[in-house]
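Taking it in order: structure first as structure tokens, then the write-up.
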Amino acid sequence: MVSSKRLLVIALALVVVLVPVAAVGFLVFPPDFAYSHTSTYSYATSISTNSTIENATFHLPFPAGADVEADAASNLWIYGDDGTQITDWDAAVVQTASGPMLRVHVDRLVGEDRYVLWTYAPNGSVIDRAEIGPDEIPADMTDKALSPDPTRYSIAWQRSVDHDIETRYPIGNASFLAPITDVSSTDCEYAWDESDACWEFTTVAAATYEAPAEAIVTIDEIRFEAWNEWGFWLSNSFNAFEATTPPAVYADDRQGWTRLDGQLHAGMGRYDGPAR
């Protein structure tokens with residue numbers, strides 16, 4: 001018969017042996033519940049102008065769907081050119097003839113007519129970069145180049161959800177930009193692996209405002225992304241999609257609606273992760 005003291009010794013020995021083994025097993029093959037998961041949508045664009053404009057209204061494609069809260073515009077962050085947050089813009093999601101869109105109105109939008117002057121060495125490397133006004137543009141532009149540097153106002157929105165986002169086939173299966181039409185599959189210019197899939201789509205944007213005739217107002221690239229991320233200890237992985245639209249440039253008194261040809265790259269990342 002084994003004494004209680006001997007049983008205690010055996011039990012302690014098993015603990016000493018099994019605990020490290022279990023710890024190593026937990027680290028090498030962690031169970032699904034040990035992983036942290038996050039799923040997030042992100043939207044970003046900006047409006048830039050080289051002149052001060054007034055009574056400006058913009059209609060922008062914006063996320064729509066079950067994962068977008070009812071008052072989505074209340075979660076917008078708008079920042080000025082200097083990084084200061086702006087809180088007095090009138091922003092709301094409204095119905096248009098094309099569908100739901102983000103409407104942004106501002107009484108006055110200050111824009112500076114300024115440029116970046118680049119100076120190059122004979123081998124093409126940059127020697128200098130200087131921000132200048134229109135009266136500082138040199139008469140001799142030898143080895144120099146000029147690019148506009150408009151005042152830019154940034155618009156951002158983000159939302160986290162408590163479930164995995166469908167990032168392989170998001171159109172019709174996840175919240176996505178609206179309005180969109182003419183969706184068609186296309187080849188991916190840069191593919192990660194066989195899970196990648198790419199589409200082209202069409203959307204619209206609009207701008208109306210009062211400004212000098214020489215004003216150039218731009219709705220810059222719109223970027224809408226979503227990703228699922230999971231991690232344990234020092235290991236993290238993800239899958240994602242990203243959709244972009246080209247800028248809409250308004251110049252020479254042209255205003256109103258503009259067609260935008262968007263691109264969607266979906267299915268990026270891993271799809272063999274642990275269950276949520």
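Each chain of the structure tokens is named A, B, ... in the order shown, its residues numbered from 1; ligands are numbered from 1 in display order.
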Residue set, range 52-237 of chain A restricted to strand (DSSP E or B), as a count of residues only: 105
Spatial neighbours of range 223-225 of chain A, 6 Å, only C-alpha atoms, chain gap at least 3 places, as a list in words: Tyr41, Ser42, Tyr43, Ala44, Phe241, Glu242, Ala243 and Thr244 of chain A
Range 214-275 of chain A near range 152-171 of chain A within 6 Å: what's each residue's closest atom pair and its distance in Å to one decimal, counting only C-alpha atoms, ordered by chain then ascending residue number, as a tab-separated table?
```
residue	atom	partner	partner_atom	distance
A:Ala240	CA	A:Thr167	CA	5.3
A:Phe241	CA	A:Thr167	CA	5.3
A:Ala266	CA	A:Arg168	CA	5.1
A:Gly267	CA	A:Arg168	CA	4.0
```
Go ahead and save the picked residues with C-alpha atoms, as a PDB file, in the first residue's frame.
```pdb
ATOM      1  CA  ALA A 240      -8.389  42.467 -45.391  1.00  0.00           C
ATOM      2  CA  PHE A 241      -9.928  44.277 -48.339  1.00  0.00           C
ATOM      3  CA  ALA A 266     -10.111  41.777 -51.579  1.00  0.00           C
ATOM      4  CA  GLY A 267      -8.989  38.507 -50.074  1.00  0.00           C
TER       5      GLY A 267
END
```
Backbone DSSP call of helix (DSSP H, G or I) for range 32-198 of chain A, listed as a PyMOL selection string: chain A and resi 32-34+72-75+134-136
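Nearest-residue note for Arg276 in chain A: choosing from A:Thr208, A:Val217, A:Cys198, A:His37, the minimum distance belongs to A:His37, counting only C-alpha atoms.
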Between CA of Thr96 in chain A and CA of Ala73 in chain A, distance in Å (one decimal):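 It comes out at 15.8 Å.
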Spatial neighbours of Ile47 in chain A, max dist 12 Å, only C-alpha atoms, sep filter under 3 positions, as a ChimeraX atom specification: /A:44,50,53,56-60,78-81,104-106,109-111,150-156,205-207,216-222,247-250
Extract, using only C-alpha atoms, all DNA, RNA and protein residues at most 8 Å from Arg259 in chain A, discarding same-chain residues fewer than 6 positions from it, and format them as a PDB file with N, CA, C and O atoms, in the first residue's frame.
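Written output follows (around23.pdb):
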```
ATOM      1  N   THR A 202     -18.215  51.435 -60.181  1.00  0.00           N
ATOM      2  CA  THR A 202     -18.455  52.847 -60.479  1.00  0.00           C
ATOM      3  C   THR A 202     -19.215  53.474 -59.328  1.00  0.00           C
ATOM      4  O   THR A 202     -20.117  52.862 -58.760  1.00  0.00           O
ATOM      5  N   THR A 203     -18.842  54.691 -58.979  1.00  0.00           N
ATOM      6  CA  THR A 203     -19.586  55.470 -58.000  1.00  0.00           C
ATOM      7  C   THR A 203     -19.602  56.923 -58.459  1.00  0.00           C
ATOM      8  O   THR A 203     -19.150  57.233 -59.576  1.00  0.00           O
ATOM      9  N   VAL A 204     -20.126  57.811 -57.631  1.00  0.00           N
ATOM     10  CA  VAL A 204     -20.218  59.227 -58.009  1.00  0.00           C
ATOM     11  C   VAL A 204     -19.862  60.099 -56.816  1.00  0.00           C
ATOM     12  O   VAL A 204     -19.937  59.670 -55.660  1.00  0.00           O
ATOM     13  N   ALA A 205     -19.482  61.341 -57.108  1.00  0.00           N
ATOM     14  CA  ALA A 205     -19.248  62.360 -56.096  1.00  0.00           C
ATOM     15  C   ALA A 205     -19.672  63.691 -56.694  1.00  0.00           C
ATOM     16  O   ALA A 205     -19.821  63.815 -57.925  1.00  0.00           O
TER      17      ALA A 205
END
```
From A:Ala213, A:Val183, A:Ala191, A:Ala145, residue lying nearest Ala121 in chain A [only C-alpha atoms]: A:Ala145
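Closest to Asp107 in chain A among A:Val126, A:Ala197, A:Ala211, A:Ile132 is A:Ala211, based on only C-alpha atoms.
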Spatial neighbours of range 97-102 of chain A, 6 Å, only C-alpha atoms, chain gap at least 4 places, as a list in words: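 Residues meeting the cut-off are His59, Leu60, Pro61, Phe62, Ala92, Val93 and Pro179 of chain A.
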All heavy atoms of the current selection, written as a PDB file, in the first residue's frame:
```pdb
ATOM      1  N   HIS A  59     -20.950  65.900 -51.879  1.00  0.00           N
ATOM      2  CA  HIS A  59     -21.584  64.598 -51.720  1.00  0.00           C
ATOM      3  C   HIS A  59     -20.527  63.534 -52.011  1.00  0.00           C
ATOM      4  O   HIS A  59     -19.919  63.528 -53.090  1.00  0.00           O
ATOM      5  CB  HIS A  59     -22.773  64.440 -52.671  1.00  0.00           C
ATOM      6  CG  HIS A  59     -23.979  65.211 -52.249  1.00  0.00           C
ATOM      7  ND1 HIS A  59     -24.173  66.536 -52.568  1.00  0.00           N
ATOM      8  CD2 HIS A  59     -25.057  64.836 -51.498  1.00  0.00           C
ATOM      9  CE1 HIS A  59     -25.326  66.955 -52.051  1.00  0.00           C
ATOM     10  NE2 HIS A  59     -25.881  65.947 -51.413  1.00  0.00           N
ATOM     11  N   LEU A  60     -20.314  62.648 -51.036  1.00  0.00           N
ATOM     12  CA  LEU A  60     -19.225  61.690 -51.117  1.00  0.00           C
ATOM     13  C   LEU A  60     -19.742  60.268 -50.960  1.00  0.00           C
ATOM     14  O   LEU A  60     -20.625  60.007 -50.131  1.00  0.00           O
ATOM     15  CB  LEU A  60     -18.202  61.960 -50.000  1.00  0.00           C
ATOM     16  CG  LEU A  60     -17.683  63.388 -49.872  1.00  0.00           C
ATOM     17  CD1 LEU A  60     -16.815  63.513 -48.626  1.00  0.00           C
ATOM     18  CD2 LEU A  60     -16.907  63.789 -51.114  1.00  0.00           C
ATOM     19  N   PRO A  61     -19.206  59.297 -51.719  1.00  0.00           N
ATOM     20  CA  PRO A  61     -19.508  57.894 -51.425  1.00  0.00           C
ATOM     21  C   PRO A  61     -19.119  57.593 -49.988  1.00  0.00           C
ATOM     22  O   PRO A  61     -18.107  58.104 -49.487  1.00  0.00           O
ATOM     23  CB  PRO A  61     -18.618  57.133 -52.414  1.00  0.00           C
ATOM     24  CG  PRO A  61     -18.267  58.120 -53.472  1.00  0.00           C
ATOM     25  CD  PRO A  61     -18.246  59.462 -52.822  1.00  0.00           C
ATOM     26  N   PHE A  62     -19.924  56.745 -49.314  1.00  0.00           N
ATOM     27  CA  PHE A  62     -19.714  56.513 -47.888  1.00  0.00           C
ATOM     28  C   PHE A  62     -20.151  55.091 -47.546  1.00  0.00           C
ATOM     29  O   PHE A  62     -21.022  54.529 -48.221  1.00  0.00           O
ATOM     30  CB  PHE A  62     -20.517  57.529 -47.066  1.00  0.00           C
ATOM     31  CG  PHE A  62     -20.105  57.613 -45.620  1.00  0.00           C
ATOM     32  CD1 PHE A  62     -18.891  58.178 -45.263  1.00  0.00           C
ATOM     33  CD2 PHE A  62     -20.935  57.132 -44.624  1.00  0.00           C
ATOM     34  CE1 PHE A  62     -18.505  58.257 -43.938  1.00  0.00           C
ATOM     35  CE2 PHE A  62     -20.560  57.203 -43.291  1.00  0.00           C
ATOM     36  CZ  PHE A  62     -19.337  57.766 -42.947  1.00  0.00           C
ATOM     37  N   ALA A  92     -23.881  64.790 -42.718  1.00  0.00           N
ATOM     38  CA  ALA A  92     -24.966  63.830 -42.498  1.00  0.00           C
ATOM     39  C   ALA A  92     -25.028  62.870 -43.675  1.00  0.00           C
ATOM     40  O   ALA A  92     -24.638  63.217 -44.800  1.00  0.00           O
ATOM     41  CB  ALA A  92     -26.299  64.552 -42.343  1.00  0.00           C
ATOM     42  N   VAL A  93     -25.508  61.668 -43.427  1.00  0.00           N
ATOM     43  CA  VAL A  93     -25.769  60.709 -44.496  1.00  0.00           C
ATOM     44  C   VAL A  93     -27.181  60.976 -45.006  1.00  0.00           C
ATOM     45  O   VAL A  93     -28.144  60.963 -44.231  1.00  0.00           O
ATOM     46  CB  VAL A  93     -25.625  59.257 -43.998  1.00  0.00           C
ATOM     47  CG1 VAL A  93     -26.004  58.273 -45.105  1.00  0.00           C
ATOM     48  CG2 VAL A  93     -24.199  58.998 -43.528  1.00  0.00           C
ATOM     49  N   PRO A 179     -23.002  55.071 -53.200  1.00  0.00           N
ATOM     50  CA  PRO A 179     -23.592  54.093 -54.114  1.00  0.00           C
ATOM     51  C   PRO A 179     -22.530  53.465 -55.012  1.00  0.00           C
ATOM     52  O   PRO A 179     -21.503  54.074 -55.277  1.00  0.00           O
ATOM     53  CB  PRO A 179     -24.537  54.953 -54.939  1.00  0.00           C
ATOM     54  CG  PRO A 179     -23.842  56.295 -54.985  1.00  0.00           C
ATOM     55  CD  PRO A 179     -23.165  56.459 -53.663  1.00  0.00           C
TER      56      PRO A 179
END
```
One-decimal distance in Å that lies between CA of Asn239 in chain A and CA of Ala66 in chain A: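 If I compute the distance from CA of Ala66 in chain A to CA of Asn239 in chain A, I get 20.0 Å.
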Pairwise distance for CA of Ser184 in chain A and CA of Arg103 in chain A, rounded to one decimal in Å: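 Computing it gives 27.1 Å between the two atoms.
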Exercise: Gly273 in chain A partners within 9 Å, only C-alpha atoms, chain neighbours under 2 positions left out, as JSON, numbers by chain: {"A": [32, 230, 237, 238, 270, 271, 275, 276]}
I need the residues from that last selection saved to file as a PDB file, in the first residue's frame (with N, CA, C and O atoms), if you can.
```
ATOM      1  N   ASP A  32      -8.229  28.022 -29.540  1.00  0.00           N
ATOM      2  CA  ASP A  32      -8.843  29.175 -30.188  1.00  0.00           C
ATOM      3  C   ASP A  32      -9.193  30.288 -29.200  1.00  0.00           C
ATOM      4  O   ASP A  32      -9.049  31.474 -29.512  1.00  0.00           O
ATOM      5  N   TRP A 230      -6.089  38.857 -35.702  1.00  0.00           N
ATOM      6  CA  TRP A 230      -6.073  38.012 -34.511  1.00  0.00           C
ATOM      7  C   TRP A 230      -4.633  37.837 -34.057  1.00  0.00           C
ATOM      8  O   TRP A 230      -3.691  37.945 -34.841  1.00  0.00           O
ATOM      9  N   SER A 237      -1.835  37.952 -37.124  1.00  0.00           N
ATOM     10  CA  SER A 237      -2.090  37.790 -38.539  1.00  0.00           C
ATOM     11  C   SER A 237      -3.421  38.452 -38.875  1.00  0.00           C
ATOM     12  O   SER A 237      -4.148  38.907 -37.983  1.00  0.00           O
ATOM     13  N   PHE A 238      -3.765  38.520 -40.161  1.00  0.00           N
ATOM     14  CA  PHE A 238      -4.934  39.294 -40.573  1.00  0.00           C
ATOM     15  C   PHE A 238      -5.407  38.843 -41.950  1.00  0.00           C
ATOM     16  O   PHE A 238      -4.714  38.139 -42.678  1.00  0.00           O
ATOM     17  N   ARG A 270      -4.517  35.949 -44.613  1.00  0.00           N
ATOM     18  CA  ARG A 270      -4.724  34.540 -44.282  1.00  0.00           C
ATOM     19  C   ARG A 270      -6.182  34.259 -43.971  1.00  0.00           C
ATOM     20  O   ARG A 270      -6.878  35.103 -43.395  1.00  0.00           O
ATOM     21  N   TYR A 271      -6.630  33.049 -44.316  1.00  0.00           N
ATOM     22  CA  TYR A 271      -7.996  32.630 -44.025  1.00  0.00           C
ATOM     23  C   TYR A 271      -8.017  31.284 -43.322  1.00  0.00           C
ATOM     24  O   TYR A 271      -9.020  30.561 -43.369  1.00  0.00           O
ATOM     25  N   ALA A 275     -10.782  30.078 -34.823  1.00  0.00           N
ATOM     26  CA  ALA A 275     -12.177  30.510 -34.738  1.00  0.00           C
ATOM     27  C   ALA A 275     -12.291  31.659 -33.744  1.00  0.00           C
ATOM     28  O   ALA A 275     -11.568  31.732 -32.768  1.00  0.00           O
ATOM     29  N   ARG A 276     -13.236  32.521 -34.015  1.00  0.00           N
ATOM     30  CA  ARG A 276     -13.418  33.694 -33.167  1.00  0.00           C
ATOM     31  C   ARG A 276     -14.074  33.295 -31.848  1.00  0.00           C
ATOM     32  O   ARG A 276     -14.977  32.493 -31.837  1.00  0.00           O
TER      33      ARG A 276
END
```
